[in-house]
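Just model-v1.pdb here, PDB, C-alpha atoms (C1' of nucleotides):
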MODEL        1
ATOM      1  CA  MET A   1     -82.747 -94.957 133.384
ATOM      2  CA  PRO A   2     -81.298 -92.721 136.047
ATOM      3  CA  GLU A   3     -83.687 -90.113 137.321
ATOM      4  CA  LEU A   4     -82.737 -87.394 139.748
ATOM      5  CA  PRO A   5     -82.331 -89.636 142.820
ATOM      6  CA  GLU A   6     -79.900 -91.910 141.023
ATOM      7  CA  VAL A   7     -77.946 -88.923 139.771
ATOM      8  CA  GLU A   8     -77.859 -87.375 143.235
ATOM      9  CA  THR A   9     -76.691 -90.630 144.797
ATOM     10  CA  THR A  10     -73.998 -90.911 142.160
ATOM     11  CA  ARG A  11     -72.928 -87.360 142.966
ATOM     12  CA  ARG A  12     -72.658 -88.102 146.660
ATOM     13  CA  GLY A  13     -70.628 -91.187 145.914
ATOM     14  CA  LEU A  14     -68.292 -89.274 143.630
ATOM     15  CA  VAL A  15     -67.644 -86.332 145.938
ATOM     16  CA  GLN A  16     -65.678 -88.352 148.439
ATOM     17  CA  HIS A  17     -63.409 -89.730 145.731
ATOM     18  CA  MET A  18     -63.047 -86.628 143.583
ATOM     19  CA  GLN A  19     -63.213 -83.504 145.700
ATOM     20  CA  GLY A  20     -59.797 -81.907 145.934
ATOM     21  CA  GLN A  21     -58.292 -84.536 143.663
ATOM     22  CA  ARG A  22     -56.417 -83.685 140.515
ATOM     23  CA  ILE A  23     -57.254 -85.284 137.192
ATOM     24  CA  ALA A  24     -54.034 -86.800 135.896
ATOM     25  CA  THR A  25     -55.504 -87.528 132.512
ATOM     26  CA  ALA A  26     -58.643 -88.490 130.655
ATOM     27  CA  ILE A  27     -58.851 -91.549 128.454
ATOM     28  CA  ILE A  28     -61.495 -91.285 125.758
ATOM     29  CA  ARG A  29     -62.170 -94.787 124.500
ATOM     30  CA  ASN A  30     -65.313 -93.945 122.585
ATOM     31  CA  GLY A  31     -66.290 -90.326 122.270
ATOM     32  CA  SER A  32     -69.520 -91.143 120.505
ATOM     33  CA  LEU A  33     -72.411 -90.142 122.766
ATOM     34  CA  ARG A  34     -75.512 -87.972 122.308
ATOM     35  CA  TRP A  35     -73.007 -85.366 121.285
ATOM     36  CA  PRO A  36     -69.377 -86.257 120.698
ATOM     37  CA  ILE A  37     -67.017 -85.708 123.611
ATOM     38  CA  PRO A  38     -65.244 -82.470 122.631
ATOM     39  CA  ARG A  39     -62.032 -82.905 120.722
ATOM     40  CA  ASP A  40     -60.091 -80.837 123.220
ATOM     41  CA  PHE A  41     -61.642 -82.484 126.301
ATOM     42  CA  ARG A  42     -58.509 -84.304 127.397
ATOM     43  CA  ARG A  43     -56.373 -81.212 127.101
ATOM     44  CA  ARG A  44     -58.938 -79.180 129.055
ATOM     45  CA  VAL A  45     -59.212 -81.478 132.053
ATOM     46  CA  ALA A  46     -55.689 -82.862 132.331
ATOM     47  CA  GLY A  47     -53.966 -81.478 135.423
ATOM     48  CA  ARG A  48     -57.101 -79.772 136.744
ATOM     49  CA  MET A  49     -58.254 -80.183 140.303
ATOM     50  CA  VAL A  50     -61.874 -81.105 140.914
ATOM     51  CA  ARG A  51     -63.134 -78.560 143.413
ATOM     52  CA  THR A  52     -66.674 -79.853 143.751
ATOM     53  CA  VAL A  53     -69.187 -82.145 142.134
ATOM     54  CA  GLU A  54     -72.575 -80.498 141.840
ATOM     55  CA  ARG A  55     -75.885 -81.385 140.261
ATOM     56  CA  ARG A  56     -78.518 -79.442 138.349
ATOM     57  CA  GLY A  57     -81.509 -81.578 137.463
ATOM     58  CA  LYS A  58     -80.041 -84.749 136.039
ATOM     59  CA  TYR A  59     -76.830 -83.061 134.987
ATOM     60  CA  LEU A  60     -73.654 -83.646 136.991
ATOM     61  CA  LEU A  61     -71.327 -80.658 137.120
ATOM     62  CA  PHE A  62     -67.634 -81.039 137.924
ATOM     63  CA  ASP A  63     -65.855 -77.815 138.863
ATOM     64  CA  CYS A  64     -62.418 -78.177 137.291
ATOM     65  CA  GLU A  65     -60.898 -74.759 138.104
ATOM     66  CA  THR A  66     -60.691 -73.500 134.523
ATOM     67  CA  GLY A  67     -64.084 -74.813 133.488
ATOM     68  CA  TRP A  68     -66.709 -77.429 134.164
ATOM     69  CA  ILE A  69     -67.415 -80.928 132.982
ATOM     70  CA  ILE A  70     -71.130 -81.254 132.273
ATOM     71  CA  LEU A  71     -72.145 -84.906 132.339
ATOM     72  CA  HIS A  72     -75.533 -86.494 131.701
ATOM     73  CA  LEU A  73     -76.112 -90.204 132.273
ATOM     74  CA  GLY A  74     -78.850 -90.403 129.675
ATOM     75  CA  MET A  75     -80.796 -93.621 129.919
ATOM     76  CA  SER A  76     -78.167 -96.214 130.474
ATOM     77  CA  GLY A  77     -75.129 -94.306 131.668
ATOM     78  CA  SER A  78     -73.285 -95.010 134.895
ATOM     79  CA  LEU A  79     -70.214 -93.747 136.668
ATOM     80  CA  GLN A  80     -68.105 -96.146 138.610
ATOM     81  CA  VAL A  81     -65.120 -95.742 140.849
ATOM     82  CA  VAL A  82     -62.650 -98.400 139.817
ATOM     83  CA  PRO A  83     -59.050 -99.255 140.700
ATOM     84  CA  GLY A  84     -56.684 -97.773 138.167
ATOM     85  CA  ALA A  85     -55.568-101.163 136.899
ATOM     86  CA  ALA A  86     -59.039-102.431 136.028
ATOM     87  CA  THR A  87     -59.394-103.317 132.363
ATOM     88  CA  ALA A  88     -62.031-101.508 130.373
ATOM     89  CA  GLY A  89     -65.009-103.301 128.954
ATOM     90  CA  LYS A  90     -67.636-102.769 126.340
ATOM     91  CA  HIS A  91     -69.309 -99.336 126.380
ATOM     92  CA  ASP A  92     -66.687 -97.811 128.652
ATOM     93  CA  HIS A  93     -66.553 -94.426 126.965
ATOM     94  CA  LEU A  94     -64.403 -92.366 129.270
ATOM     95  CA  ASP A  95     -61.965 -92.686 132.167
ATOM     96  CA  LEU A  96     -61.011 -89.788 134.402
ATOM     97  CA  VAL A  97     -57.729 -90.935 135.924
ATOM     98  CA  LEU A  98     -57.128 -89.188 139.223
ATOM     99  CA  ASP A  99     -53.756 -88.510 140.847
ATOM    100  CA  SER A 100     -54.840 -90.817 143.656
ATOM    101  CA  GLY A 101     -54.839 -93.690 141.179
ATOM    102  CA  VAL A 102     -58.597 -94.023 141.303
ATOM    103  CA  VAL A 103     -60.399 -94.009 137.982
ATOM    104  CA  ILE A 104     -63.852 -92.532 137.434
ATOM    105  CA  ARG A 105     -65.296 -94.564 134.593
ATOM    106  CA  PHE A 106     -68.241 -93.594 132.425
ATOM    107  CA  ASN A 107     -70.074 -96.516 130.854
ATOM    108  CA  ASP A 108     -73.058 -95.982 128.572
ATOM    109  CA  PRO A 109     -74.365 -98.808 126.366
ATOM    110  CA  ARG A 110     -77.109 -96.795 124.691
ATOM    111  CA  ARG A 111     -75.086 -93.642 124.264
ATOM    112  CA  PHE A 112     -77.837 -91.223 125.209
ATOM    113  CA  GLY A 113     -75.502 -89.718 127.744
ATOM    114  CA  ALA A 114     -73.276 -86.704 127.251
ATOM    115  CA  VAL A 115     -69.908 -85.408 128.388
ATOM    116  CA  LEU A 116     -69.279 -81.738 127.648
ATOM    117  CA  TRP A 117     -66.790 -79.056 128.602
ATOM    118  CA  GLU A 118     -68.010 -75.609 129.630
ATOM    119  CA  PRO A 119     -65.374 -72.933 130.154
ATOM    120  CA  GLY A 120     -67.786 -70.512 131.843
ATOM    121  CA  ASP A 121     -70.757 -70.736 134.172
ATOM    122  CA  PRO A 122     -72.332 -74.157 133.539
ATOM    123  CA  LEU A 123     -75.756 -72.855 134.576
ATOM    124  CA  ARG A 124     -75.629 -70.579 131.541
ATOM    125  CA  HIS A 125     -75.026 -73.487 129.247
ATOM    126  CA  ARG A 126     -77.718 -73.802 126.585
ATOM    127  CA  LEU A 127     -78.883 -77.124 128.029
ATOM    128  CA  LEU A 128     -79.305 -75.783 131.563
ATOM    129  CA  THR A 129     -80.599 -72.223 131.240
ATOM    130  CA  ASP A 130     -84.270 -73.041 130.793
ATOM    131  CA  LEU A 131     -84.574 -75.785 133.384
ATOM    132  CA  ALA A 132     -87.308 -75.557 136.019
ATOM    133  CA  PRO A 133     -86.222 -74.902 139.637
ATOM    134  CA  GLU A 134     -84.617 -77.718 141.578
ATOM    135  CA  PRO A 135     -87.502 -79.880 142.763
ATOM    136  CA  LEU A 136     -86.079 -80.235 146.263
ATOM    137  CA  GLY A 137     -85.223 -76.552 146.556
ATOM    138  CA  THR A 138     -87.334 -73.682 147.848
ATOM    139  CA  ASP A 139     -88.147 -72.240 144.408
ATOM    140  CA  PHE A 140     -90.142 -75.252 143.296
ATOM    141  CA  THR A 141     -93.528 -74.366 144.711
ATOM    142  CA  ALA A 142     -97.219 -74.884 144.048
ATOM    143  CA  ALA A 143     -97.421 -71.261 142.922
ATOM    144  CA  TRP A 144     -94.684 -71.855 140.388
ATOM    145  CA  LEU A 145     -96.266 -75.037 139.045
ATOM    146  CA  HIS A 146     -99.686 -73.422 138.964
ATOM    147  CA  LYS A 147     -98.403 -70.401 137.071
ATOM    148  CA  HIS A 148     -96.591 -72.455 134.468
ATOM    149  CA  THR A 149     -99.482 -74.775 133.695
ATOM    150  CA  ARG A 150    -102.243 -72.173 133.245
ATOM    151  CA  THR A 151    -102.137 -72.181 129.451
ATOM    152  CA  ARG A 152    -101.303 -75.837 129.028
ATOM    153  CA  ASN A 153    -103.873 -78.248 127.682
ATOM    154  CA  ALA A 154    -101.459 -81.143 127.635
ATOM    155  CA  ALA A 155    -101.837 -84.017 130.083
ATOM    156  CA  ILE A 156    -100.268 -83.271 133.445
ATOM    157  CA  LYS A 157     -98.157 -86.395 133.230
ATOM    158  CA  SER A 158     -96.333 -85.231 130.123
ATOM    159  CA  LEU A 159     -95.702 -81.841 131.733
ATOM    160  CA  VAL A 160     -94.334 -83.439 134.889
ATOM    161  CA  MET A 161     -91.761 -84.979 132.546
ATOM    162  CA  ASP A 162     -91.046 -81.669 130.826
ATOM    163  CA  SER A 163     -87.835 -80.252 132.253
ATOM    164  CA  HIS A 164     -89.086 -76.703 131.747
ATOM    165  CA  ILE A 165     -91.908 -77.439 134.191
ATOM    166  CA  VAL A 166     -90.482 -80.071 136.522
ATOM    167  CA  VAL A 167     -86.874 -81.156 136.628
ATOM    168  CA  GLY A 168     -85.555 -84.599 137.383
ATOM    169  CA  VAL A 169     -88.716 -86.668 137.065
ATOM    170  CA  GLY A 170     -88.713 -89.313 134.357
ATOM    171  CA  ASN A 171     -91.313 -91.790 133.266
ATOM    172  CA  ILE A 172     -91.276 -93.993 136.358
ATOM    173  CA  TYR A 173     -91.373 -91.278 139.007
ATOM    174  CA  ALA A 174     -93.954 -89.316 137.024
ATOM    175  CA  SER A 175     -96.456 -92.140 137.437
ATOM    176  CA  GLU A 176     -95.450 -92.582 141.072
ATOM    177  CA  SER A 177     -95.767 -88.885 141.888
ATOM    178  CA  LEU A 178     -99.204 -88.571 140.310
ATOM    179  CA  PHE A 179    -100.394 -91.571 142.263
ATOM    180  CA  ARG A 180     -99.179 -90.046 145.524
ATOM    181  CA  ALA A 181    -100.948 -86.816 144.617
ATOM    182  CA  GLY A 182    -104.197 -88.566 143.632
ATOM    183  CA  ILE A 183    -104.186 -86.908 140.218
ATOM    184  CA  HIS A 184    -105.215 -88.662 137.018
ATOM    185  CA  PRO A 185    -102.277 -88.630 134.562
ATOM    186  CA  ALA A 186    -104.461 -87.600 131.629
ATOM    187  CA  MET A 187    -105.886 -84.530 133.331
ATOM    188  CA  ALA A 188    -105.307 -81.291 131.416
ATOM    189  CA  ALA A 189    -102.595 -79.411 133.285
ATOM    190  CA  ARG A 190    -104.411 -76.067 133.167
ATOM    191  CA  ARG A 191    -107.313 -77.525 135.120
ATOM    192  CA  LEU A 192    -105.188 -78.248 138.195
ATOM    193  CA  SER A 193    -106.249 -76.134 141.140
ATOM    194  CA  LEU A 194    -103.653 -74.462 143.315
ATOM    195  CA  LEU A 195    -104.485 -76.975 146.033
ATOM    196  CA  ARG A 196    -103.788 -79.877 143.721
ATOM    197  CA  CYS A 197    -100.578 -78.209 142.583
ATOM    198  CA  GLU A 198     -99.587 -78.193 146.245
ATOM    199  CA  LYS A 199    -100.331 -81.886 146.485
ATOM    200  CA  LEU A 200     -98.363 -82.621 143.344
ATOM    201  CA  VAL A 201     -95.328 -80.626 144.432
ATOM    202  CA  ALA A 202     -95.339 -82.433 147.771
ATOM    203  CA  ALA A 203     -95.788 -85.793 146.046
ATOM    204  CA  ILE A 204     -92.883 -85.155 143.675
ATOM    205  CA  GLN A 205     -90.674 -84.167 146.580
ATOM    206  CA  GLN A 206     -91.681 -87.212 148.614
ATOM    207  CA  THR A 207     -91.116 -89.546 145.674
ATOM    208  CA  LEU A 208     -87.668 -88.131 144.946
ATOM    209  CA  GLN A 209     -86.695 -87.933 148.605
ATOM    210  CA  ALA A 210     -87.736 -91.523 149.283
ATOM    211  CA  ALA A 211     -85.725 -92.710 146.306
ATOM    212  CA  ILE A 212     -82.654 -90.736 147.384
ATOM    213  CA  GLU A 213     -82.906 -92.262 150.848
ATOM    214  CA  ALA A 214     -83.266 -95.736 149.362
ATOM    215  CA  GLY A 215     -80.222 -94.983 147.244
ATOM    216  CA  GLY A 216     -78.139 -94.032 150.223
ATOM    217  CA  SER A 217     -78.301 -97.564 151.519
ATOM    218  CA  THR A 218     -77.051 -98.973 148.228
ATOM    219  CA  LEU A 219     -74.443 -96.298 147.654
ATOM    220  CA  ARG A 220     -71.516 -98.672 147.877
ATOM    221  CA  ASN A 221     -72.900-100.885 145.175
ATOM    222  CA  TYR A 222     -73.992 -98.051 142.982
ATOM    223  CA  VAL A 223     -70.693 -96.304 142.563
ATOM    224  CA  GLY A 224     -68.528 -99.208 143.593
ATOM    225  CA  ALA A 225     -66.360-101.436 141.479
ATOM    226  CA  GLU A 226     -69.083-103.883 140.607
ATOM    227  CA  GLY A 227     -72.012-101.521 140.715
ATOM    228  CA  ARG A 228     -74.554-101.196 137.999
ATOM    229  CA  PRO A 229     -77.162 -98.497 138.084
ATOM    230  CA  GLY A 230     -80.668 -99.523 138.876
ATOM    231  CA  TYR A 231     -83.679 -98.001 140.446
ATOM    232  CA  PHE A 232     -83.458 -97.969 144.190
ATOM    233  CA  GLN A 233     -87.105 -98.555 144.880
ATOM    234  CA  LYS A 234     -87.685-102.199 144.298
ATOM    235  CA  SER A 235     -91.432-101.875 144.452
ATOM    236  CA  TYR A 236     -93.557 -99.092 143.095
ATOM    237  CA  PHE A 237     -97.098 -98.044 143.868
ATOM    238  CA  VAL A 238     -98.178 -98.185 140.235
ATOM    239  CA  TYR A 239     -95.268 -98.336 137.791
ATOM    240  CA  GLY A 240     -95.135-101.699 136.039
ATOM    241  CA  ARG A 241     -98.025-103.002 138.138
ATOM    242  CA  ALA A 242    -100.814-103.164 135.546
ATOM    243  CA  GLY A 243    -103.498-105.595 136.664
ATOM    244  CA  HIS A 244    -102.134-105.810 140.190
ATOM    245  CA  PRO A 245    -104.190-104.469 143.081
ATOM    246  CA  CYS A 246    -103.726-100.870 144.164
ATOM    247  CA  GLN A 247    -101.934-100.864 147.498
ATOM    248  CA  VAL A 248    -104.455 -98.384 148.850
ATOM    249  CA  CYS A 249    -107.850 -99.499 147.468
ATOM    250  CA  VAL A 250    -107.170-102.896 145.817
ATOM    251  CA  THR A 251    -108.574-101.759 142.446
ATOM    252  CA  PRO A 252    -106.487-103.206 139.579
ATOM    253  CA  ILE A 253    -103.851-100.762 138.361
ATOM    254  CA  LYS A 254    -104.343 -99.609 134.793
ATOM    255  CA  ALA A 255    -101.800 -99.004 132.046
ATOM    256  CA  MET A 256    -102.124 -96.540 129.197
ATOM    257  CA  ARG A 257     -99.985 -94.877 126.560
ATOM    258  CA  GLN A 258     -99.290 -91.168 126.630
ATOM    259  CA  GLY A 259     -97.053 -89.671 123.987
ATOM    260  CA  GLN A 260     -95.405 -93.001 123.247
ATOM    261  CA  ARG A 261     -94.738 -93.546 126.933
ATOM    262  CA  SER A 262     -96.291 -96.048 129.279
ATOM    263  CA  THR A 263     -98.293 -94.639 132.166
ATOM    264  CA  PHE A 264     -99.640 -96.534 135.167
ATOM    265  CA  TYR A 265    -102.352 -95.313 137.496
ATOM    266  CA  CYS A 266    -105.130 -96.293 139.835
ATOM    267  CA  PRO A 267    -108.510 -95.427 138.282
ATOM    268  CA  VAL A 268    -110.070 -94.961 141.719
ATOM    269  CA  CYS A 269    -107.389 -93.168 143.732
ATOM    270  CA  GLN A 270    -106.451 -90.815 140.888
ATOM    271  CA  ARG A 271    -109.075 -88.441 139.616
ATOM    272  CA  ARG A 272    -109.384 -85.765 136.991
TER     273      ARG A 272
ATOM    274  C1'  DC B   1     -85.790-111.926 114.542
ATOM    275  C1'  DG B   2     -88.393-107.901 115.821
ATOM    276  C1'  DC B   3     -89.901-104.919 119.152
ATOM    277  C1'  DC B   4     -89.594-102.062 122.893
ATOM    278  C1'  DA B   5     -87.868 -99.499 126.890
ATOM    279  C1'  DG B   6     -85.974 -95.090 128.333
ATOM    280  C1'  DG B   7     -84.218 -89.214 128.447
ATOM    281  C1'  DC B   8     -84.574 -85.452 126.113
ATOM    282  C1'  DC B   9     -83.163 -82.656 122.275
ATOM    283  C1'  DT B  10     -84.825 -81.341 117.781
ATOM    284  C1'  DG B  11     -87.844 -80.288 114.184
ATOM    285  C1'  DC B  12     -92.397 -80.053 112.260
ATOM    286  C1'  DA B  13     -97.295 -78.577 112.022
ATOM    287  C1'  DC B  14    -100.672 -75.813 113.725
ATOM    288  C1'  DG B  15    -103.298 -71.726 115.363
ATOM    289  C1'  DC B  16    -103.478 -67.176 117.045
TER     290       DC B  16
ATOM    291  C1'  DT C   1     -93.946 -63.164 110.770
ATOM    292  C1'  DG C   2     -93.331 -64.923 115.050
ATOM    293  C1'  DC C   3     -94.347 -67.320 118.953
ATOM    294  C1'  DG C   4     -96.307 -70.835 122.097
ATOM    295  C1'  DT C   5     -97.840 -75.273 121.986
ATOM    296  C1'  DG C   6     -98.281 -80.206 121.123
ATOM    297  C1'  DC C   7     -96.497 -84.067 118.749
ATOM    298  C1'  DA C   8     -93.420 -87.268 116.732
ATOM    299  C1'  DG C   9     -88.833 -88.586 115.334
ATOM    300  C1'  DG C  10     -84.335 -89.925 116.368
ATOM    301  C1'  DC C  11     -80.507 -91.551 118.800
ATOM    302  C1'  DC C  12     -78.903 -96.832 120.797
ATOM    303  C1'  DT C  13     -78.436-101.659 122.750
ATOM    304  C1'  DG C  14     -79.888-105.364 125.781
ATOM    305  C1'  DG C  15     -83.499-108.233 126.897
ATOM    306  C1'  DC C  16     -87.532-110.492 125.948
TER     307       DC C  16
ENDMDL
END
Represent the supplied structure as structure tokens.
Amino acid sequence: MPELPEVETTRRGLVQHMQGQRIATAIIRNGSLRWPIPRDFRRRVAGRMVRTVERRGKYLLFDCETGWIILHLGMSGSLQVVPGAATAGKHDHLDLVLDSGVVIRFNDPRRFGAVLWEPGDPLRHRLLTDLAPEPLGTDFTAAWLHKHTRTRNAAIKSLVMDSHIVVGVGNIYASESLFRAGIHPAMAARRLSLLRCEKLVAAIQQTLQAAIEAGGSTLRNYVGAEGRPGYFQKSYFVYGRAGHPCQVCVTPIKAMRQGQRSTFYCPVCQRR
DNA sequence: CGCCAGGCCTGCACGC
DNA sequence: TGCGTGCAGGCCTGGC
């Protein structure tokens, strides 16, 4: 479930526990994830100091001196900071045991997550090279979005979820962003004017930023001993609100299916 | 008991 | 033949 804001909040929570700390050892309890945890993972990370914890899209990147841990939370993954003595439970795939005694624990019931080792530049890793610019950075602009949608007949909503076009926005925030931008989710992407691309870029940034800020207030729970990942925004404008009144115009929110995904939108506020 | 949610890679089919 | 594009499949388990 984590989208970019949840990943970013996790990163911020991890930095204070991990930066400058040495990894004493890694305990792989269940290496079965989207891809198996590499056979030599433990040997690679043992004894390494974590210089920084960075993020690219929804990928967490741990600088471990001689290489990088690339970690994706998938749909159901979470990282928790736990006391070293805490017993592991179901779906606890990996522990990074730090010299400080703190354990960084990766739990992932649905196993869509990934833990990889990259000896070189992680941004050149196959999974990261073709990602769109960081949505909260200066390279993610209306011009960029406009340029990369010119030939695309697909619905804008599915392209907002395409990491080559927009990074970090999953199913929930895609609906939310399009509502904020006043754009109908089924609109063909190539028909978006530059002005509407501007609105969409701003809406994506506002949606992500608001969620990151909401996450900051729940940071302790999120990465803490008892924390479970959840979406920070308790109420959405449209997501999951089919039949309920639009918060702007009171029209009932509609639900539809797009590419096997549920989409929510206001038929009045959002236009093609 | 069966279905579905979700991220996102992968592979297929299609048209130029 | 090759590429861009648009779909659909697959991986999983918890919760309804």
Starting from chain A, keep only residues with some atom at most 10 Å from an atom of chain B, counting all atoms listed in the file, and report them as a tab-separated table (two decimals) with C-alpha atoms, keeping the file's coordinate frame.
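This went into part-v1.tsv:
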chain	number	residue	atom	x	y	z
A	1	MET	CA	-82.75	-94.96	133.38
A	2	PRO	CA	-81.30	-92.72	136.05
A	3	GLU	CA	-83.69	-90.11	137.32
A	34	ARG	CA	-75.51	-87.97	122.31
A	58	LYS	CA	-80.04	-84.75	136.04
A	72	HIS	CA	-75.53	-86.49	131.70
A	73	LEU	CA	-76.11	-90.20	132.27
A	74	GLY	CA	-78.85	-90.40	129.68
A	75	MET	CA	-80.80	-93.62	129.92
A	76	SER	CA	-78.17	-96.21	130.47
A	110	ARG	CA	-77.11	-96.80	124.69
A	112	PHE	CA	-77.84	-91.22	125.21
A	113	GLY	CA	-75.50	-89.72	127.74
A	127	LEU	CA	-78.88	-77.12	128.03
A	161	MET	CA	-91.76	-84.98	132.55
A	162	ASP	CA	-91.05	-81.67	130.83
A	163	SER	CA	-87.84	-80.25	132.25
A	170	GLY	CA	-88.71	-89.31	134.36
A	171	ASN	CA	-91.31	-91.79	133.27
A	172	ILE	CA	-91.28	-93.99	136.36
A	261	ARG	CA	-94.74	-93.55	126.93
A	262	SER	CA	-96.29	-96.05	129.28
Next item on the list: Write down, as number ranges by chain, each residue of chain A that has any atom within 9 Å of an atom of chain C, counting all atoms listed in the file.
Entry: A: 34, 109-112, 152-154, 259-260
Tell me which protein, DNA and RNA residues are within 9 Å of A:Pro267, counting only C-alpha atoms (C1' of nucleotides), leaving out same-chain ones fewer than 4 positions away, and put them as an mmCIF file with C-alpha atoms, in the frame of the given file.
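As written to disk, result.cif reads:
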data_model
loop_
_atom_site.group_PDB
_atom_site.id
_atom_site.type_symbol
_atom_site.label_atom_id
_atom_site.label_comp_id
_atom_site.auth_asym_id
_atom_site.auth_seq_id
_atom_site.Cartn_x
_atom_site.Cartn_y
_atom_site.Cartn_z
ATOM 1 C CA HIS A 184 -105.215 -88.662 137.018
ATOM 2 C CA THR A 251 -108.574 -101.759 142.446
ATOM 3 C CA PRO A 252 -106.487 -103.206 139.579
ATOM 4 C CA ILE A 253 -103.851 -100.762 138.361
ATOM 5 C CA LYS A 254 -104.343 -99.609 134.793
ATOM 6 C CA ARG A 271 -109.075 -88.441 139.616
#
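The spacing separating atom CA of A:Asp40 from atom CA of A:Asn107 amounts to 20.1 Å.
Separating atom CA of A:Gly89 from atom CA of A:Ile69 is a distance of 22.9 Å.
The gap separating atom CA of A:Pro38 from atom CA of A:Lys90 is 20.8 Å, in Å to one decimal.
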Notebook entry, point to check: Any chance you could work out the residue set of the PyMOL selection byres ((chain A and resi 121) around 12) here, as a list in words?
Noted result: Leu61, Phe62, Asp63, Cys64, Glu65, Thr66, Gly67, Trp68, Ile69, Ile70, Trp117, Glu118, Pro119, Gly120, Pro122, Leu123, Arg124, His125, Arg126, Leu128 and Thr129 of chain A
Selection near A:Leu98, 9 Å with only C-alpha atoms (C1' of nucleotides), sequence-local residues under 4 positions removed, as a PDB file with C-alpha atoms, keeping the file's coordinate frame:
ATOM      1  CA  MET A  18     -63.047 -86.628 143.583  1.00  0.00           C
ATOM      2  CA  GLN A  21     -58.292 -84.536 143.663  1.00  0.00           C
ATOM      3  CA  ARG A  22     -56.417 -83.685 140.515  1.00  0.00           C
ATOM      4  CA  ILE A  23     -57.254 -85.284 137.192  1.00  0.00           C
ATOM      5  CA  ALA A  24     -54.034 -86.800 135.896  1.00  0.00           C
ATOM      6  CA  THR A  25     -55.504 -87.528 132.512  1.00  0.00           C
ATOM      7  CA  ALA A  26     -58.643 -88.490 130.655  1.00  0.00           C
ATOM      8  CA  GLY A  84     -56.684 -97.773 138.167  1.00  0.00           C
ATOM      9  CA  VAL A 102     -58.597 -94.023 141.303  1.00  0.00           C
ATOM     10  CA  VAL A 103     -60.399 -94.009 137.982  1.00  0.00           C
ATOM     11  CA  ILE A 104     -63.852 -92.532 137.434  1.00  0.00           C
TER      12      ILE A 104
END
Note to self: So that I can see what lies close to A:Val238, please list as number ranges by chain the residues with an atom at most 12 Å from it, counting all atoms listed in the file and leaving out residues fewer than 6 positions away in the same chain.
What the structure shows: A: 171-180, 182, 185, 244-248, 250-256, 262-267, 269-270
Check: Any chance you could work out the residue set of the PyMOL selection byres ((chain A and resi 8) around 12) here, as a ChimeraX atom specification?
Finding: /A:2-7,9-15,53-61,72-73,79,134,136,168,208-209,211-216,219,222-223
Using 8 Å of padding on each side, determine the axis-aligned box around all atoms of chain C present in the file and give its centre and edge lengths in Å to one decimal, as JSON.
{"center_x": -88.4, "center_y": -86.8, "center_z": 118.8, "size_x": 35.8, "size_y": 63.3, "size_z": 32.1}
